[in-house]
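See below for the structure under consideration.
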Amino acid sequence: MKNIITQFSRIFVGLLFIISGLIKLNDPIGFSYKLAEYFGEPVFNMPFFVPFALALALFLVTLEVVLGVMLLIGYKSKFTINSLLLLIVFFTFLTFYSAYFDVVKDCGCFGDALHLKPWQSFIKDVVLLFFILILFFNKKLVKPLFGNTVQNILAFASVALCAFMGYWVINHLPLKDFRPYKVGTNIQKGMRIPDGAPKSVVEMVFIYKVNGVDTEFTEKDLMNIPAGATFVDRKDKVITEGYITPIHDFTMEKDGSDYKDEYLQEPKLVIIVSYDLVQADKAGLMKLEKLSLEAKAKGYKVIGMTTSTPEDIEKTKKQFGFTFDFYFCDAITLKTIERANPSIVVLEHGTIMQKVHHNDISDLKLY
């Protein structure tokens, strides 16, 4: 019985680590955004780690996949199981922290393929920890499946394949797009709230400084605010979260007006997406004006979308000779639309028809 439980744990943990790692390896840039969120001020306040978020993301997802493979084939079982235990303890701490303090809404454990709420992520890690502890106390039962030569080849092959996959998706696009802006999506439909969908219940909370301490009061408590208390701030506290549309915070703003309703009706629209023009790949930016002229010649409307300041926009337009205008959109939304900076999205009446990395502009089909 002990051997059966151990072998089940071995297969369960190994497959789950491989699946979870491959999903994130499919989109390591997206996972790096999640790590940067953990490194941000509201969570651990370690901004010096943010520049290394992508490298760390690649390392962690590769480690997940390789350890999963090593466990399944029984390669260096003591080292593998000890590493898995350390990794799951680290992940369990992260998910508990984000759930208890409500600072990260989605751990990113399965990328955009499966969104888990903070407490769901924590429970998932506790279950994994349970099965890894079974392996830890029964290491001698985890035997290698093949001889040393084959074991070495499989282990190193998993590392090489992960490295190649990571390099490919960073320099092109994710192999499988799980995001709400995937090809075939109609943006207008993605923003609509279905009839009868549950609505959020929100309570207004007022913050007053009472005897030097910030104190929260609800609307029903306003009559009980002590004399001499000074108003600090007001915030909305979500009691019950309602239906959230797959696509939200999508705007095309310029000079105080939102043009999304107009542009999402365009029969032929090319959007240049660059969440930050200053950080954008310069080689990629150099290709955009030629693309713009070719698209306009074929009847396309061409616009850019960014969060950059008007000064940076004008500087970039002058530097690269851009003849198209840029419109404002939230940085998180732009990073969700496409991972590359810059990238190109082709729409027809609001439906996404094509998406390409700036390295793959030659793959665009403009009719």
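Naming works like this for the structure tokens: A, B, ... for the chains as they're shown, residue 1 at the start of each chain, ligands 1 onward in shown order.
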
Can you pull out the residues contacting region 189-195 of chain A? Cut-off 8 Å, using only C-alpha atoms, and skip same-chain residues under 4 positions away; I want them as number ranges by chain. A: 180, 185, 243-248

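Using only C-alpha atoms, the contacts of Ile313 (chain A) at a cut-off of 12 Å, with sequence neighbours closer than 2 positions omitted, comprise Lys254, Ser274, Tyr275, Asp276, Leu277, Val278, Ala280, Gly304, Met305, Thr306, Thr307, Ser308, Thr309, Pro310, Glu311, Lys315, Thr316, Lys317, Lys318, Gln319, Phe320, Gly321, Phe322, Thr323, Phe324, Asp325, Phe326, Tyr327 and Phe328 of chain A.
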
Where does region 125-221 of chain A meet region 64-69 of chain A within 9 Å, residue by residue, with the nearest atom pair and distance in Å to one decimal for each, counting only C-alpha atoms, listed by chain and rising number, as a tab-separated table?
residue	atom	partner	partner_atom	distance
A:Leu154	CA	A:Val69	CA	8.2
A:Ala155	CA	A:Val66	CA	7.0
A:Phe156	CA	A:Val66	CA	8.7
A:Ser158	CA	A:Val66	CA	5.9
A:Val159	CA	A:Val66	CA	6.3
A:Cys162	CA	A:Val65	CA	7.8

Can you write out the residues you just picked, keeping N, CA and C atoms, as a PDB file, in the first residue's frame?
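Output file selection-v4.pdb is given in full below:
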ATOM      1  N   LEU A 154      17.416  12.200 -21.001  1.00  0.00           N
ATOM      2  CA  LEU A 154      16.067  12.749 -20.788  1.00  0.00           C
ATOM      3  C   LEU A 154      16.098  14.010 -19.930  1.00  0.00           C
ATOM      4  N   ALA A 155      16.910  14.008 -18.887  1.00  0.00           N
ATOM      5  CA  ALA A 155      16.989  15.173 -18.004  1.00  0.00           C
ATOM      6  C   ALA A 155      17.548  16.389 -18.736  1.00  0.00           C
ATOM      7  N   PHE A 156      18.664  16.198 -19.448  1.00  0.00           N
ATOM      8  CA  PHE A 156      19.271  17.328 -20.153  1.00  0.00           C
ATOM      9  C   PHE A 156      18.428  17.756 -21.354  1.00  0.00           C
ATOM     10  N   SER A 158      15.183  17.773 -21.407  1.00  0.00           N
ATOM     11  CA  SER A 158      14.094  18.599 -20.864  1.00  0.00           C
ATOM     12  C   SER A 158      14.572  20.026 -20.622  1.00  0.00           C
ATOM     13  N   VAL A 159      15.807  20.167 -20.154  1.00  0.00           N
ATOM     14  CA  VAL A 159      16.370  21.512 -19.948  1.00  0.00           C
ATOM     15  C   VAL A 159      16.520  22.238 -21.285  1.00  0.00           C
ATOM     16  N   CYS A 162      13.104  23.240 -22.801  1.00  0.00           N
ATOM     17  CA  CYS A 162      12.521  24.379 -22.074  1.00  0.00           C
ATOM     18  C   CYS A 162      13.217  25.682 -22.470  1.00  0.00           C
TER      19      CYS A 162
END

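Take the candidates A:Ile88, A:Leu58, A:Ala36, A:Met46 and check each one against Val13 (chain A) using only C-alpha atoms; the shortest distance goes to A:Ile88.
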
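Take the candidates A:Tyr259, A:Phe101, A:Phe8, A:Phe206 and check each one against Asp233 (chain A) using only C-alpha atoms; the shortest distance goes to A:Phe206.
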
Extract, using only C-alpha atoms, all DNA, RNA and protein residues at most 7 Å from region 352-359 of chain A, discarding same-chain residues fewer than 2 positions from it, and format them as JSON, numbers by chain. {"A": [171, 172, 173, 183, 184, 185, 186, 284, 340, 342, 343, 344, 345, 346, 347, 348, 350, 361]}

Based on DSSP run over this structure's backbone, return all residues of region 202-308 of chain A in alpha helix (DSSP H), as a PyMOL selection string. chain A and resi 260-263+282-285+288-297

Write the residues of the selection above to a file with C-alpha atoms, as a PDB file, in the first residue's frame.
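Below is the file out25.pdb, written as the result:
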ATOM      1  CA  LYS A 260     -13.109  53.122 -29.094  1.00  0.00           C
ATOM      2  CA  ASP A 261     -16.739  53.036 -30.254  1.00  0.00           C
ATOM      3  CA  GLU A 262     -15.684  54.708 -33.501  1.00  0.00           C
ATOM      4  CA  TYR A 263     -12.550  52.671 -34.205  1.00  0.00           C
ATOM      5  CA  LYS A 282      14.114  50.093 -31.212  1.00  0.00           C
ATOM      6  CA  ALA A 283      14.560  47.617 -34.060  1.00  0.00           C
ATOM      7  CA  GLY A 284      10.848  46.905 -33.856  1.00  0.00           C
ATOM      8  CA  LEU A 285       9.928  50.596 -33.875  1.00  0.00           C
ATOM      9  CA  LEU A 288       6.457  50.410 -38.088  1.00  0.00           C
ATOM     10  CA  GLU A 289       6.287  53.404 -40.442  1.00  0.00           C
ATOM     11  CA  LYS A 290       6.874  51.202 -43.485  1.00  0.00           C
ATOM     12  CA  LEU A 291       4.123  48.887 -42.267  1.00  0.00           C
ATOM     13  CA  SER A 292       1.847  51.878 -41.670  1.00  0.00           C
ATOM     14  CA  LEU A 293       2.304  53.174 -45.214  1.00  0.00           C
ATOM     15  CA  GLU A 294       1.680  49.727 -46.710  1.00  0.00           C
ATOM     16  CA  ALA A 295      -1.454  49.279 -44.624  1.00  0.00           C
ATOM     17  CA  LYS A 296      -2.816  52.723 -45.487  1.00  0.00           C
ATOM     18  CA  ALA A 297      -2.242  52.021 -49.181  1.00  0.00           C
TER      19      ALA A 297
END

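In this structure, CA of Ser362 (chain A) sits 18.2 Å away from CA of Lys268 (chain A).
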
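Distances to Val232 (chain A) were evaluated for A:Leu72, A:Met252, A:Ile207, A:Leu87 using only C-alpha atoms, and the minimum falls at A:Ile207.
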
Could you tell me which of A:Asp249, A:Leu269, A:Lys287, A:Tyr208 comes closest to Ala229 (chain A) if we count only C-alpha atoms? A:Tyr208

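Among A:Ile225, A:Val210, A:Val103, A:Ile170, the residue with the shortest atom-to-atom distance to Asn26 (chain A), counting only C-alpha atoms, is A:Ile170.
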
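In terms of minimum interatomic distance to Ile272 (chain A), A:Glu338 ranks closest within A:Glu338, A:Lys76, A:Asp221, A:Glu241, counting only C-alpha atoms.
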
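Atom to atom, CA of Gly212 (chain A) and CA of Val43 (chain A) stand 25.1 Å apart.
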